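coords_36.txt follows (compact mmCIF, N, CA and C atoms and all ligand atoms):
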# COMPACT_ATOMS: atom_id res chain seq x y z
N MET A 3 83.99 88.60 91.61
CA MET A 3 84.68 87.39 91.17
C MET A 3 86.10 87.38 91.76
N PRO A 4 86.55 86.25 92.27
CA PRO A 4 87.89 86.21 92.86
C PRO A 4 88.99 86.41 91.82
N THR A 5 90.14 86.88 92.27
CA THR A 5 91.27 87.05 91.37
C THR A 5 92.47 86.27 91.89
N VAL A 6 93.31 85.88 90.96
CA VAL A 6 94.59 85.25 91.30
C VAL A 6 95.69 86.05 90.63
N SER A 7 96.67 86.46 91.42
CA SER A 7 97.87 87.10 90.88
C SER A 7 98.96 86.04 90.81
N VAL A 8 99.41 85.74 89.61
CA VAL A 8 100.49 84.76 89.43
C VAL A 8 101.77 85.54 89.23
N LYS A 9 102.67 85.43 90.19
CA LYS A 9 103.95 86.13 90.11
C LYS A 9 105.01 85.18 89.58
N GLU A 10 106.10 85.74 89.15
CA GLU A 10 107.23 84.96 88.66
C GLU A 10 108.44 85.28 89.52
N LYS A 11 109.45 84.45 89.38
CA LYS A 11 110.71 84.74 90.07
C LYS A 11 111.69 85.33 89.07
N ASN A 12 112.54 86.23 89.55
CA ASN A 12 113.56 86.79 88.67
C ASN A 12 114.77 85.86 88.63
N LYS A 13 115.82 86.26 87.94
CA LYS A 13 116.97 85.37 87.77
C LYS A 13 117.70 85.09 89.07
N ASP A 14 117.47 85.92 90.09
CA ASP A 14 118.08 85.69 91.40
C ASP A 14 117.21 84.79 92.29
N GLY A 15 116.08 84.32 91.76
CA GLY A 15 115.21 83.46 92.53
C GLY A 15 114.27 84.22 93.46
N LEU A 16 114.24 85.53 93.33
CA LEU A 16 113.37 86.35 94.18
C LEU A 16 112.06 86.62 93.46
N VAL A 17 110.99 86.78 94.23
CA VAL A 17 109.69 87.06 93.63
C VAL A 17 109.74 88.44 92.98
N SER A 18 109.41 88.49 91.72
CA SER A 18 109.44 89.75 90.99
C SER A 18 108.12 90.48 91.16
N GLU A 19 108.18 91.75 91.48
CA GLU A 19 106.97 92.55 91.56
C GLU A 19 106.56 93.03 90.18
N GLU A 20 107.46 92.89 89.21
CA GLU A 20 107.17 93.42 87.87
C GLU A 20 106.51 92.39 86.96
N VAL A 21 106.78 91.12 87.19
CA VAL A 21 106.21 90.09 86.34
C VAL A 21 105.04 89.46 87.08
N GLU A 22 103.87 89.80 86.64
CA GLU A 22 102.68 89.34 87.35
C GLU A 22 101.52 89.27 86.37
N VAL A 23 100.74 88.20 86.45
CA VAL A 23 99.54 88.06 85.65
C VAL A 23 98.37 88.02 86.62
N VAL A 24 97.39 88.88 86.43
CA VAL A 24 96.22 88.90 87.31
C VAL A 24 95.02 88.37 86.54
N LEU A 25 94.36 87.36 87.08
CA LEU A 25 93.27 86.68 86.38
C LEU A 25 92.04 86.59 87.28
N GLU A 26 90.88 86.67 86.67
CA GLU A 26 89.64 86.39 87.40
C GLU A 26 89.35 84.90 87.25
N VAL A 27 88.95 84.26 88.35
CA VAL A 27 88.74 82.82 88.33
C VAL A 27 87.36 82.47 88.88
N GLN A 28 86.92 81.26 88.57
CA GLN A 28 85.64 80.75 89.03
C GLN A 28 85.80 80.02 90.35
N VAL A 29 84.84 80.18 91.22
CA VAL A 29 84.82 79.41 92.46
C VAL A 29 84.55 77.95 92.12
N GLY A 30 85.23 77.05 92.80
CA GLY A 30 84.97 75.62 92.64
C GLY A 30 85.80 74.91 91.60
N GLU A 31 86.61 75.63 90.84
CA GLU A 31 87.48 75.00 89.84
C GLU A 31 88.91 75.00 90.38
N THR A 32 89.72 74.08 89.91
CA THR A 32 91.10 74.07 90.39
C THR A 32 91.84 75.29 89.84
N LEU A 33 92.80 75.74 90.61
CA LEU A 33 93.58 76.90 90.15
C LEU A 33 94.29 76.59 88.84
N TYR A 34 94.83 75.38 88.75
CA TYR A 34 95.53 75.04 87.51
C TYR A 34 94.60 75.19 86.31
N ASP A 35 93.41 74.60 86.39
CA ASP A 35 92.47 74.66 85.26
C ASP A 35 92.03 76.09 84.96
N GLU A 36 91.75 76.85 86.00
CA GLU A 36 91.29 78.23 85.78
C GLU A 36 92.38 79.09 85.15
N ILE A 37 93.59 78.93 85.63
CA ILE A 37 94.70 79.73 85.09
C ILE A 37 95.00 79.28 83.67
N ALA A 38 94.95 77.98 83.41
CA ALA A 38 95.18 77.47 82.05
C ALA A 38 94.09 77.95 81.09
N ALA A 39 92.85 78.07 81.60
CA ALA A 39 91.75 78.54 80.74
C ALA A 39 91.99 79.97 80.26
N HIS A 40 92.83 80.71 80.98
CA HIS A 40 93.20 82.07 80.56
C HIS A 40 94.48 82.06 79.72
N GLY A 41 94.97 80.88 79.37
CA GLY A 41 96.14 80.79 78.50
C GLY A 41 97.46 80.89 79.23
N HIS A 42 97.45 80.81 80.55
CA HIS A 42 98.69 80.91 81.32
C HIS A 42 98.99 79.54 81.93
N LYS A 43 100.04 78.91 81.49
CA LYS A 43 100.36 77.56 81.97
C LYS A 43 101.28 77.62 83.18
N LEU A 44 100.87 76.95 84.23
CA LEU A 44 101.74 76.77 85.39
C LEU A 44 102.51 75.47 85.22
N PRO A 45 103.63 75.33 85.93
CA PRO A 45 104.33 74.03 85.90
C PRO A 45 103.37 72.93 86.34
N HIS A 46 103.47 71.77 85.72
CA HIS A 46 102.58 70.67 86.09
C HIS A 46 103.16 69.34 85.63
N GLY A 47 102.55 68.27 86.14
CA GLY A 47 102.91 66.91 85.75
C GLY A 47 101.64 66.09 85.64
N CYS A 48 101.34 65.33 86.70
CA CYS A 48 100.24 64.36 86.67
C CYS A 48 98.84 64.97 86.65
N LEU A 49 98.69 66.15 87.19
CA LEU A 49 97.39 66.82 87.36
C LEU A 49 96.42 66.00 88.21
N SER A 50 96.95 65.11 89.03
CA SER A 50 96.08 64.31 89.90
C SER A 50 96.50 64.36 91.37
N GLY A 51 97.43 65.24 91.71
CA GLY A 51 97.78 65.42 93.12
C GLY A 51 98.90 64.53 93.62
N SER A 52 99.57 63.81 92.75
CA SER A 52 100.58 62.85 93.21
C SER A 52 102.02 63.30 93.04
N CYS A 53 102.33 64.01 91.97
CA CYS A 53 103.74 64.25 91.65
C CYS A 53 104.31 65.50 92.31
N GLY A 54 103.49 66.48 92.58
CA GLY A 54 103.95 67.72 93.23
C GLY A 54 104.55 68.74 92.28
N ALA A 55 104.55 68.46 91.00
CA ALA A 55 105.17 69.40 90.04
C ALA A 55 104.45 70.74 89.98
N CYS A 56 103.20 70.78 90.37
CA CYS A 56 102.40 72.01 90.30
C CYS A 56 102.44 72.81 91.59
N ARG A 57 103.38 72.47 92.48
CA ARG A 57 103.42 73.16 93.78
C ARG A 57 103.62 74.66 93.59
N MET A 58 102.99 75.38 94.48
CA MET A 58 103.08 76.84 94.42
C MET A 58 103.18 77.37 95.84
N VAL A 59 103.86 78.48 95.97
CA VAL A 59 103.90 79.17 97.25
C VAL A 59 102.74 80.16 97.25
N VAL A 60 101.93 80.09 98.29
CA VAL A 60 100.81 81.04 98.42
C VAL A 60 101.31 82.22 99.24
N LEU A 61 101.38 83.38 98.60
CA LEU A 61 101.90 84.57 99.25
C LEU A 61 100.80 85.30 100.02
N LYS A 62 99.57 85.13 99.57
CA LYS A 62 98.45 85.84 100.20
C LYS A 62 97.16 85.12 99.83
N GLY A 63 96.23 85.02 100.78
CA GLY A 63 94.89 84.54 100.48
C GLY A 63 94.66 83.06 100.63
N GLU A 64 95.53 82.36 101.37
CA GLU A 64 95.37 80.90 101.50
C GLU A 64 94.02 80.51 102.09
N GLN A 65 93.41 81.42 102.87
CA GLN A 65 92.11 81.12 103.48
C GLN A 65 90.99 81.01 102.45
N PHE A 66 91.25 81.43 101.23
CA PHE A 66 90.23 81.37 100.19
C PHE A 66 90.30 80.08 99.38
N LEU A 67 91.22 79.18 99.78
CA LEU A 67 91.38 77.91 99.07
C LEU A 67 90.73 76.77 99.83
N SER A 68 90.28 75.77 99.09
CA SER A 68 89.72 74.57 99.70
C SER A 68 90.78 73.90 100.58
N PRO A 69 90.35 73.24 101.65
CA PRO A 69 91.33 72.51 102.47
C PRO A 69 91.97 71.40 101.63
N PRO A 70 93.23 71.07 101.92
CA PRO A 70 93.88 70.01 101.14
C PRO A 70 93.26 68.64 101.42
N SER A 71 93.14 67.84 100.38
CA SER A 71 92.66 66.46 100.52
C SER A 71 93.77 65.61 101.14
N GLU A 72 93.44 64.40 101.54
CA GLU A 72 94.46 63.49 102.09
C GLU A 72 95.58 63.25 101.07
N LYS A 73 95.22 63.13 99.82
CA LYS A 73 96.22 62.91 98.77
C LYS A 73 97.16 64.11 98.67
N GLU A 74 96.59 65.34 98.69
CA GLU A 74 97.43 66.53 98.62
C GLU A 74 98.32 66.63 99.86
N ILE A 75 97.76 66.33 101.03
CA ILE A 75 98.55 66.39 102.26
C ILE A 75 99.75 65.46 102.16
N GLN A 76 99.54 64.24 101.66
CA GLN A 76 100.65 63.29 101.54
C GLN A 76 101.71 63.80 100.57
N THR A 77 101.27 64.36 99.45
CA THR A 77 102.23 64.89 98.47
C THR A 77 102.98 66.08 99.06
N LEU A 78 102.28 66.94 99.80
CA LEU A 78 102.94 68.09 100.42
C LEU A 78 103.96 67.63 101.47
N LYS A 79 103.65 66.56 102.20
CA LYS A 79 104.62 66.02 103.16
C LYS A 79 105.91 65.61 102.45
N ASN A 80 105.75 64.96 101.31
CA ASN A 80 106.94 64.55 100.54
C ASN A 80 107.72 65.76 100.05
N ILE A 81 107.01 66.79 99.59
CA ILE A 81 107.66 68.01 99.11
C ILE A 81 108.44 68.67 100.25
N PHE A 82 107.80 68.79 101.42
CA PHE A 82 108.48 69.43 102.56
C PHE A 82 109.68 68.60 103.00
N SER A 83 109.56 67.29 102.96
CA SER A 83 110.69 66.43 103.32
C SER A 83 111.86 66.66 102.36
N ASN A 84 111.56 66.75 101.08
CA ASN A 84 112.63 67.01 100.10
C ASN A 84 113.26 68.38 100.31
N TYR A 85 112.45 69.38 100.60
CA TYR A 85 112.99 70.72 100.86
C TYR A 85 113.92 70.71 102.07
N ARG A 86 113.50 70.00 103.13
CA ARG A 86 114.34 69.94 104.33
C ARG A 86 115.70 69.31 104.02
N GLN A 87 115.66 68.23 103.24
CA GLN A 87 116.91 67.56 102.90
C GLN A 87 117.81 68.45 102.04
N LYS A 88 117.21 69.16 101.09
CA LYS A 88 118.01 69.96 100.16
C LYS A 88 118.43 71.30 100.73
N PHE A 89 117.52 71.96 101.44
CA PHE A 89 117.76 73.36 101.81
C PHE A 89 117.74 73.62 103.31
N GLY A 90 117.37 72.64 104.13
CA GLY A 90 117.29 72.85 105.56
C GLY A 90 115.92 73.32 106.01
N ASP A 91 115.70 73.25 107.33
CA ASP A 91 114.39 73.59 107.89
C ASP A 91 113.98 75.03 107.64
N SER A 92 114.95 75.93 107.64
CA SER A 92 114.60 77.35 107.53
C SER A 92 113.96 77.67 106.17
N PHE A 93 114.25 76.83 105.18
CA PHE A 93 113.70 77.10 103.85
C PHE A 93 112.18 77.06 103.83
N ILE A 94 111.60 76.20 104.67
CA ILE A 94 110.14 76.05 104.62
C ILE A 94 109.41 76.81 105.72
N GLU A 95 110.17 77.45 106.61
CA GLU A 95 109.52 78.21 107.69
C GLU A 95 108.60 79.27 107.10
N ASN A 96 107.41 79.33 107.62
CA ASN A 96 106.42 80.35 107.23
C ASN A 96 106.03 80.31 105.75
N LYS A 97 106.30 79.20 105.07
CA LYS A 97 105.87 79.08 103.68
C LYS A 97 104.58 78.26 103.63
N ILE A 98 103.65 78.74 102.83
CA ILE A 98 102.43 77.97 102.59
C ILE A 98 102.52 77.46 101.17
N ILE A 99 102.54 76.16 101.04
CA ILE A 99 102.66 75.53 99.73
C ILE A 99 101.42 74.71 99.46
N ARG A 100 100.87 74.86 98.29
CA ARG A 100 99.70 74.09 97.86
C ARG A 100 99.94 73.59 96.45
N LEU A 101 99.09 72.66 96.04
CA LEU A 101 99.15 72.11 94.68
C LEU A 101 98.08 72.81 93.84
N SER A 102 98.50 73.40 92.73
CA SER A 102 97.52 74.14 91.92
C SER A 102 96.52 73.20 91.24
N CYS A 103 96.90 71.93 91.05
CA CYS A 103 95.97 71.01 90.39
C CYS A 103 94.91 70.48 91.36
N GLN A 104 95.06 70.78 92.64
CA GLN A 104 94.12 70.28 93.65
C GLN A 104 93.38 71.40 94.37
N SER A 105 93.98 72.57 94.46
CA SER A 105 93.40 73.68 95.23
C SER A 105 92.29 74.35 94.43
N LYS A 106 91.19 74.59 95.11
CA LYS A 106 90.06 75.26 94.47
C LYS A 106 89.71 76.52 95.25
N PHE A 107 89.32 77.53 94.53
CA PHE A 107 88.87 78.75 95.17
C PHE A 107 87.51 78.49 95.80
N ILE A 108 87.30 78.97 97.03
CA ILE A 108 86.03 78.71 97.70
C ILE A 108 85.30 79.98 98.10
N ASP A 109 85.84 81.14 97.74
CA ASP A 109 85.24 82.40 98.18
C ASP A 109 85.05 83.33 96.98
N GLU A 110 83.85 83.87 96.84
CA GLU A 110 83.53 84.76 95.70
C GLU A 110 84.36 86.04 95.69
N ASP A 111 84.81 86.46 96.84
CA ASP A 111 85.45 87.78 96.92
C ASP A 111 86.93 87.74 97.27
N GLY A 112 87.51 86.56 97.31
CA GLY A 112 88.89 86.46 97.75
C GLY A 112 89.90 86.84 96.67
N ASP A 113 91.04 87.27 97.11
CA ASP A 113 92.17 87.52 96.22
C ASP A 113 93.33 86.67 96.69
N LEU A 114 94.03 86.12 95.73
CA LEU A 114 95.10 85.18 96.01
C LEU A 114 96.36 85.63 95.28
N GLU A 115 97.52 85.45 95.91
CA GLU A 115 98.79 85.69 95.22
C GLU A 115 99.61 84.42 95.32
N ILE A 116 100.10 83.96 94.19
CA ILE A 116 100.91 82.74 94.17
C ILE A 116 102.15 82.94 93.32
N VAL A 117 103.13 82.10 93.58
CA VAL A 117 104.31 82.04 92.73
C VAL A 117 104.70 80.56 92.65
N PRO A 118 105.03 80.07 91.45
CA PRO A 118 105.45 78.66 91.37
C PRO A 118 106.60 78.39 92.34
N ALA A 119 106.53 77.28 93.06
CA ALA A 119 107.56 76.94 94.05
C ALA A 119 108.74 76.27 93.35
N PRO A 120 109.94 76.42 93.94
CA PRO A 120 111.12 75.78 93.33
C PRO A 120 111.03 74.27 93.38
S1 LIG B 201 100.47 68.17 88.64
FE1 LIG B 201 101.08 66.45 89.81
S2 LIG B 201 100.43 67.02 91.80
FE2 LIG B 201 99.66 68.64 90.58

Starting from the coordinates I provided, produce the structure as structure tokens.
Ligand code: FES
Amino acid sequence: MPTVSVKEKNKDGLVSEEVEVVLEVQVGETLYDEIAAHGHKLPHGCLSGSCGACRMVVLKGEQFLSPPSEKEIQTLKNIFSNYRQKFGDSFIENKIIRLSCQSKFIDEDGDLEIVPAP
């Protein structure tokens, strides 16, 4: 069964290696729903792929997620545009950002590491 490691950021905004929840998830369900089913709430808003509040940085295992839908791609474009305006291009270099309310696990054996995005 695939696992998801949900990391947190410390007060300095850095990914903490100490605060981590590791969960087993079902293939084919959204990450948000699977993580919530284990009692761990991620940031969220619309839960329909439009607002971007559920954005997460994928630290490892992005290949185990379903490809983004057109709706998710459009929302991610808006998120990246906002990041560029606020923090500059370097902020998003080499970052993989997905929406937890839209991303589904597609591999029985994959492991994923995520942290809620700023
Ligand atoms: S909660 Fe709004 S896009 Fe995921």

Next item on the list: Please return as a PyMOL selection string: the residues of chain A that backbone DSSP assigns to strand (DSSP E).
Entry: chain A and resi 5-11+17-26+57-62+99-101+113-118

Next item on the list: as a list in words, list the residues of chain A assigned to alpha helix (DSSP H) by DSSP on the backbone atoms of this structure.
Entry: Leu33, Tyr34, Asp35, Glu36, Ile37, Ala38, Ala39, Glu72, Lys73, Glu74, Ile75, Gln76, Thr77, Leu78, Lys79, Asn80, Ile81, Phe82, Ser83, Asn84, Tyr85, Arg86, Gln87, Lys88 and Phe89 of chain A

Item checked: Long-range neighbours of A:Leu114 as a list in words, 5 Å cut-off, all atoms listed in the file, 6 positions minimum in chain ->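 Counting only the stated atoms, we get Thr5, Val6, Ser7, Lys62 and Gly63 of chain A.
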
Next item on the list: Between A:Pro4, A:Pro118, A:Gly30, A:Gly112, single out the one closest to A:Leu44, counting all atoms listed in the file.
Entry: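 Ranking A:Pro4, A:Pro118, A:Gly30, A:Gly112 by distance to A:Leu44, first place goes to A:Pro118.
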
Next item on the list: Could you check which of A:Cys103, A:Lys88, A:Glu26, A:Gln65 is closest to A:Lys43, using only C-alpha atoms?
Entry: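 Among the listed residues, the smallest separation from A:Lys43 belongs to A:Cys103.
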
Margin query: Give me the residues near stretch 47-50 of chain A as a list in words, where near means some atom within 10 Å (using only C-alpha atoms) and where sequence neighbours in that chain fewer than 5 positions away do not count.
Written below: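 Here the qualifying residues turn out to be Tyr34, Asp35, Ala55, Cys56, Lys73, Glu74, Leu101, Ser102, Cys103 and Gln104 of chain A.
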
Check: Counting only C-alpha atoms, what is within 10 Å of A:Pro69, bar same-chain residues fewer than 3 positions away, as a list of chain:residue names?
Finding: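 Here the qualifying residues turn out to be A:Glu64, A:Gln65, A:Phe66, A:Glu72, A:Glu74, A:Ile75, A:Arg100, A:Gln104, A:Ser105, A:Lys106, A:Phe107, A:Ile108.
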
Notebook entry, point to check: Quick one: of A:Val29, A:Met3, A:Ile94, A:Ala119, who's nearest to ligand LIG 201 (chain B), counting only C-alpha atoms and all ligand atoms?
Noted result: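 Under the stated criterion, the closest residue is A:Ala119.
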
Next item on the list: Measure the distance from atom CA of A:Leu25 to atom CA of A:Gly51 in Å and round it to one decimal.
Entry: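 One can read the atom CA of A:Leu25 to atom CA of A:Gly51 distance as 22.8 Å.
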
Notebook entry, point to check: Using all atoms listed in the file, which residue out of A:Ser52, A:Asn80, A:Gln87, A:Ser71 lies closest to ligand LIG 201 (chain B)?
Noted result: A:Ser52
